[in-house]
file work_10.txt (compact mmCIF, C-alpha atoms)
# COMPACT_ATOMS: atom_id res chain seq x y z
CA MET A 1 -19.45 11.21 -0.54
CA SER A 2 -22.68 10.24 1.11
CA ASP A 3 -25.78 12.39 1.27
CA ILE A 4 -25.23 13.03 4.99
CA VAL A 5 -25.52 16.75 5.68
CA TYR A 6 -22.82 18.56 7.66
CA PRO A 7 -22.64 20.31 9.98
CA ARG A 8 -25.31 18.79 12.17
CA THR A 9 -25.84 18.80 15.90
CA ILE A 10 -27.08 15.85 17.93
CA GLN A 11 -27.44 15.02 21.62
CA VAL A 12 -24.95 12.45 22.89
CA ALA A 13 -24.83 11.47 26.56
CA GLY A 14 -26.15 14.84 27.68
CA SER A 15 -23.85 16.90 25.46
CA SER A 16 -24.71 18.83 22.33
CA LEU A 17 -22.30 17.37 19.77
CA THR A 18 -21.65 18.96 16.39
CA LEU A 19 -20.40 16.76 13.57
CA ARG A 20 -18.74 18.54 10.67
CA ARG A 21 -16.10 18.11 8.04
CA ILE A 22 -12.62 19.44 8.64
CA ALA A 23 -12.07 22.97 7.30
CA ASP A 24 -9.07 24.97 6.09
CA ASN A 25 -9.00 27.03 9.30
CA ASP A 26 -9.02 24.08 11.73
CA LYS A 27 -5.25 23.78 12.21
CA GLU A 28 -5.13 25.42 15.66
CA LYS A 29 -8.19 23.52 16.93
CA ILE A 30 -6.70 20.21 15.75
CA LEU A 31 -3.37 21.00 17.38
CA GLU A 32 -5.17 21.82 20.64
CA PHE A 33 -7.06 18.52 20.40
CA ALA A 34 -3.90 16.52 19.60
CA ARG A 35 -1.89 18.11 22.39
CA ALA A 36 -4.64 17.22 24.88
CA LEU A 37 -4.38 13.51 24.04
CA PRO A 38 -2.41 11.27 26.41
CA GLU A 39 1.06 10.24 25.31
CA GLU A 40 -0.01 6.60 24.89
CA ASP A 41 -2.58 7.66 22.27
CA LEU A 42 0.06 9.56 20.31
CA LEU A 43 2.74 6.85 20.49
CA PHE A 44 1.12 4.66 17.86
CA LEU A 45 -0.22 7.16 15.33
CA SER A 46 1.13 6.95 11.78
CA PHE A 47 1.49 10.74 11.80
CA ASP A 48 2.56 13.08 14.61
CA ILE A 49 -0.56 15.23 14.72
CA THR A 50 0.96 17.52 17.36
CA ARG A 51 3.15 19.07 14.62
CA GLU A 52 1.85 22.02 12.60
CA ASN A 53 3.26 20.83 9.27
CA VAL A 54 1.61 17.42 9.71
CA VAL A 55 -1.78 19.01 10.40
CA GLU A 56 -1.33 21.31 7.39
CA SER A 57 -0.62 18.23 5.23
CA TRP A 58 -3.65 16.47 6.72
CA ILE A 59 -5.91 19.35 5.70
CA LYS A 60 -4.38 19.33 2.19
CA TRP A 61 -5.03 15.58 1.82
CA VAL A 62 -8.66 16.15 2.79
CA LYS A 63 -8.94 18.98 0.26
CA SER A 64 -7.51 16.64 -2.40
CA GLY A 65 -10.41 14.26 -1.81
CA LEU A 66 -8.28 11.25 -0.86
CA TRP A 67 -8.91 11.66 2.87
CA ASP A 68 -12.16 12.48 4.64
CA THR A 69 -12.27 13.75 8.22
CA ILE A 70 -15.35 14.22 10.37
CA LEU A 71 -14.79 16.28 13.51
CA ALA A 72 -16.86 15.99 16.69
CA GLU A 73 -17.13 19.25 18.64
CA VAL A 74 -18.62 20.23 21.97
CA ASP A 75 -18.88 23.97 22.64
CA GLY A 76 -16.62 24.69 19.66
CA LYS A 77 -13.84 22.40 20.95
CA ILE A 78 -12.78 19.30 19.01
CA VAL A 79 -13.35 16.23 21.19
CA GLY A 80 -12.85 13.56 18.53
CA HIS A 81 -12.34 12.79 14.87
CA GLY A 82 -12.93 10.01 12.43
CA THR A 83 -10.72 9.97 9.37
CA LEU A 84 -10.89 7.78 6.29
CA LEU A 85 -7.60 7.48 4.40
CA ARG A 86 -7.53 6.40 0.77
CA THR A 87 -4.56 6.07 -1.53
CA GLU A 88 -3.99 6.48 -5.24
CA GLN A 89 -2.47 3.01 -5.49
CA ILE A 90 -4.33 1.04 -8.13
CA TRP A 91 -4.28 -2.31 -6.37
CA THR A 92 -5.68 -0.94 -3.08
CA ARG A 93 -8.17 1.56 -4.48
CA HIS A 94 -11.04 -0.48 -2.98
CA LEU A 95 -9.66 -0.01 0.55
CA GLY A 96 -9.92 2.78 3.07
CA GLU A 97 -8.18 3.00 6.42
CA ILE A 98 -10.09 4.31 9.41
CA ILE A 99 -8.59 6.32 12.24
CA LEU A 100 -10.68 7.18 15.30
CA LEU A 101 -9.54 9.34 18.20
CA VAL A 102 -11.61 10.71 21.08
CA LEU A 103 -10.40 12.75 24.04
CA PRO A 104 -10.29 10.59 27.18
CA SER A 105 -12.82 12.78 29.00
CA PHE A 106 -15.36 12.07 26.22
CA ARG A 107 -14.78 8.32 25.84
CA GLY A 108 -17.48 5.84 26.76
CA ARG A 109 -20.27 8.08 25.41
CA GLY A 110 -20.60 6.49 21.99
CA ILE A 111 -18.74 9.24 20.13
CA GLY A 112 -16.24 6.80 18.60
CA SER A 113 -19.05 4.56 17.34
CA LEU A 114 -20.91 7.57 15.99
CA LEU A 115 -17.81 8.75 14.11
CA ALA A 116 -17.24 5.22 12.80
CA ASN A 117 -20.80 5.14 11.46
CA GLU A 118 -20.22 8.44 9.67
CA ILE A 119 -16.99 7.14 8.14
CA PHE A 120 -18.62 3.83 7.14
CA ALA A 121 -21.53 5.60 5.42
CA ASN A 122 -19.16 7.93 3.58
CA ALA A 123 -16.88 5.03 2.60
CA LYS A 124 -19.74 2.95 1.26
CA SER A 125 -21.15 5.82 -0.81
CA SER A 126 -17.70 6.49 -2.30
CA GLY A 127 -17.45 2.93 -3.63
CA LEU A 128 -14.97 1.45 -1.16
CA MET A 129 -15.33 -2.25 -0.43
CA LYS A 130 -13.27 -2.74 2.70
CA ILE A 131 -12.21 -0.63 5.67
CA VAL A 132 -8.98 -1.49 7.47
CA ALA A 133 -7.75 -0.47 10.89
CA ARG A 134 -4.18 -0.89 12.06
CA MET A 135 -2.89 -0.66 15.60
CA ALA A 136 -0.16 -1.91 17.88
CA ALA A 137 -0.91 -5.35 19.31
CA GLU A 138 -0.76 -4.05 22.88
CA GLN A 139 -3.62 -1.62 22.23
CA LYS A 140 -6.06 -4.22 23.56
CA SER A 141 -8.91 -1.80 24.28
CA ALA A 142 -8.73 -0.34 20.75
CA ILE A 143 -8.74 -3.85 19.28
CA ALA A 144 -11.80 -4.70 21.41
CA VAL A 145 -13.62 -1.56 20.21
CA PHE A 146 -13.00 -2.44 16.56
CA GLU A 147 -14.01 -6.08 17.15
CA LYS A 148 -17.26 -4.82 18.70
CA MET A 149 -17.86 -2.84 15.48
CA GLY A 150 -17.47 -6.04 13.45
CA PHE A 151 -13.82 -5.81 12.39
CA ARG A 152 -11.86 -9.06 12.14
CA ILE A 153 -8.16 -9.51 12.75
CA GLU A 154 -6.52 -10.30 9.41
CA ALA A 155 -2.83 -10.24 10.29
CA LEU A 156 -0.24 -9.84 13.02
CA LEU A 157 3.06 -8.42 11.77
CA GLY A 158 6.03 -8.71 14.13
CA ASP A 159 8.06 -5.57 14.97
CA TYR A 160 6.30 -3.78 12.12
CA VAL A 161 5.86 -0.32 13.67
CA ILE A 162 8.11 1.93 15.70
CA ASP A 163 6.80 4.42 18.23
CA LEU A 164 7.99 7.94 19.03
CA LYS A 165 10.40 6.46 21.59
CA ASP A 166 12.02 4.21 18.96
CA HIS A 167 10.58 0.97 20.36
CA THR A 168 9.25 -1.55 17.85
CA HIS A 169 5.84 -3.17 18.25
CA ASP A 170 3.79 -5.84 16.55
CA LEU A 171 1.04 -4.50 14.28
CA VAL A 172 -2.49 -5.88 14.17
CA ALA A 173 -4.33 -5.38 10.87
CA MET A 174 -8.11 -5.61 11.07
CA SER A 175 -10.75 -5.29 8.36
CA TYR A 176 -14.47 -4.79 7.84
CA ASP A 177 -16.35 -5.57 4.62
CA ILE A 178 -18.17 -2.28 4.06
CA ARG A 179 -20.39 -3.71 1.31
CA GLY A 180 -22.57 -5.27 4.01
CA PHE A 181 -22.85 -2.09 6.10
CA ASN A 182 -26.35 -0.67 6.29
CA GLU A 183 -27.03 -0.15 9.98
CA THR A 184 -25.53 1.66 12.91
CA PHE A 185 -23.80 -0.17 15.74
call {"tool": "encode", "arguments": {"input": "work_10.txt", "output": "structure tokens"}}
result
Amino acid sequence: MSDIVYPRTIQVAGSSLTLRRIADNDKEKILEFARALPEEDLLFLSFDITRENVVESWIKWVKSGLWDTILAEVDGKIVGHGTLLRTEQIWTRHLGEIILLVLPSFRGRGIGSLLANEIFANAKSSGLMKIVARMAAEQKSAIAVFEKMGFRIEALLGDYVIDLKDHTHDLVAMSYDIRGFNETF
């Protein structure tokens, strides 16, 4: 990982924000965070993070070293996370997938960009070459956020994902060449 020190506290839009890595005892805090997200945020996640067993698996993947999660907290409450997913597949070992989620009441304050910067720095120091982001095509605001960060749309896959209500959606795959990353947004 990078030489960034965690935990650390910074001022963001008038709030004292603590950035730290996920810990073994974070299950209940993560569940509280996930259950506070609007349904439309949860519809398109690859994993149902409102379920205890999924959060337990998430923490195990982080402990294994394949995933890396940075939590953003205000007053001890999780308000966002940035997660970098890696796989053990040989032919995609140079890739990491980024997931960013911020509670609606904390959006528009730069927390998502801050978390992305943390993930990018950690990804670059771990030898990854490219970061990918995947989302449903109708998530226009999320696509715009990633485009603002420098991601490019690489593919549109028809009816590729299915939401929690069993409706299929087109998937947008975006990427960012992390080798050129050396500044914040």
call {"tool": "atom_distance", "arguments": {"input": "work_10.txt", "atom1": "atom CA of Ala36 of chain A", "atom2": "atom CA of Phe106 of chain A"}}
result
12.0 Å
call {"tool": "atom_distance", "arguments": {"input": "work_10.txt", "atom1": "atom CA of Leu164 of chain A", "atom2": "atom CA of Arg35 of chain A"}}
result
14.6 Å
call {"tool": "closest_residue", "arguments": {"input": "work_10.txt", "among": "A:Ser46, A:Val62, A:Ala72, A:Ile78", "to": "Glu32 of chain A", "atoms": "all atoms listed in the file"}}
result
A:Ile78
call {"tool": "residues_around", "arguments": {"input": "work_10.txt", "residues": "segment 109-114 of chain A", "least_positions_apart": "5", "cutoff": "8 Å", "atoms": "all atoms listed in the file", "output": "MDAnalysis selection string"}}
result
chainID A and resid 12:13 72 80 82 100:102 149 185
call {"tool": "residues_around", "arguments": {"input": "work_10.txt", "residues": "Gly76 of chain A", "least_positions_apart": "4", "cutoff": "12 Å", "atoms": "only C-alpha atoms", "output": "list of chain:residue names"}}
result
A:Thr9, A:Ser16, A:Leu17, A:Thr18, A:Leu19, A:Arg20, A:Asp26, A:Lys29, A:Ile30, A:Glu32, A:Phe33, A:Leu71, A:Ala72, A:Gly80
call {"tool": "closest_residue", "arguments": {"input": "work_10.txt", "among": "A:Leu103, A:Glu73, A:Asp163, A:Asp177", "to": "Asp48 of chain A", "atoms": "all atoms listed in the file"}}
result
A:Asp163
call {"tool": "closest_residue", "arguments": {"input": "work_10.txt", "among": "A:Ser15, A:Lys63, A:Arg21, A:Ile162", "to": "Phe47 of chain A", "atoms": "only C-alpha atoms"}}
result
A:Ile162
call {"tool": "closest_residue", "arguments": {"input": "work_10.txt", "among": "A:Ala133, A:Glu97, A:Ala142, A:Tyr160", "to": "Met174 of chain A", "atoms": "all atoms listed in the file"}}
result
A:Ala133
call {"tool": "closest_residue", "arguments": {"input": "work_10.txt", "among": "A:Leu171, A:Ala116, A:Val5, A:Met135", "to": "Gly150 of chain A", "atoms": "all atoms listed in the file"}}
result
A:Ala116
call {"tool": "closest_residue", "arguments": {"input": "work_10.txt", "among": "A:Ala173, A:Val145, A:Val161, A:Leu128", "to": "Leu43 of chain A", "atoms": "all atoms listed in the file"}}
result
A:Val161
call {"tool": "atom_distance", "arguments": {"input": "work_10.txt", "atom1": "atom CA of Val74 of chain A", "atom2": "atom CA of Ile178 of chain A"}}
result
28.8 Å
call {"tool": "residues_around", "arguments": {"input": "work_10.txt", "residues": "Leu31 of chain A", "least_positions_apart": "4", "cutoff": "7 Å", "atoms": "all atoms listed in the file", "output": "list in words"}}
result
Lys27, Arg35, Ile49 and Thr50 of chain A
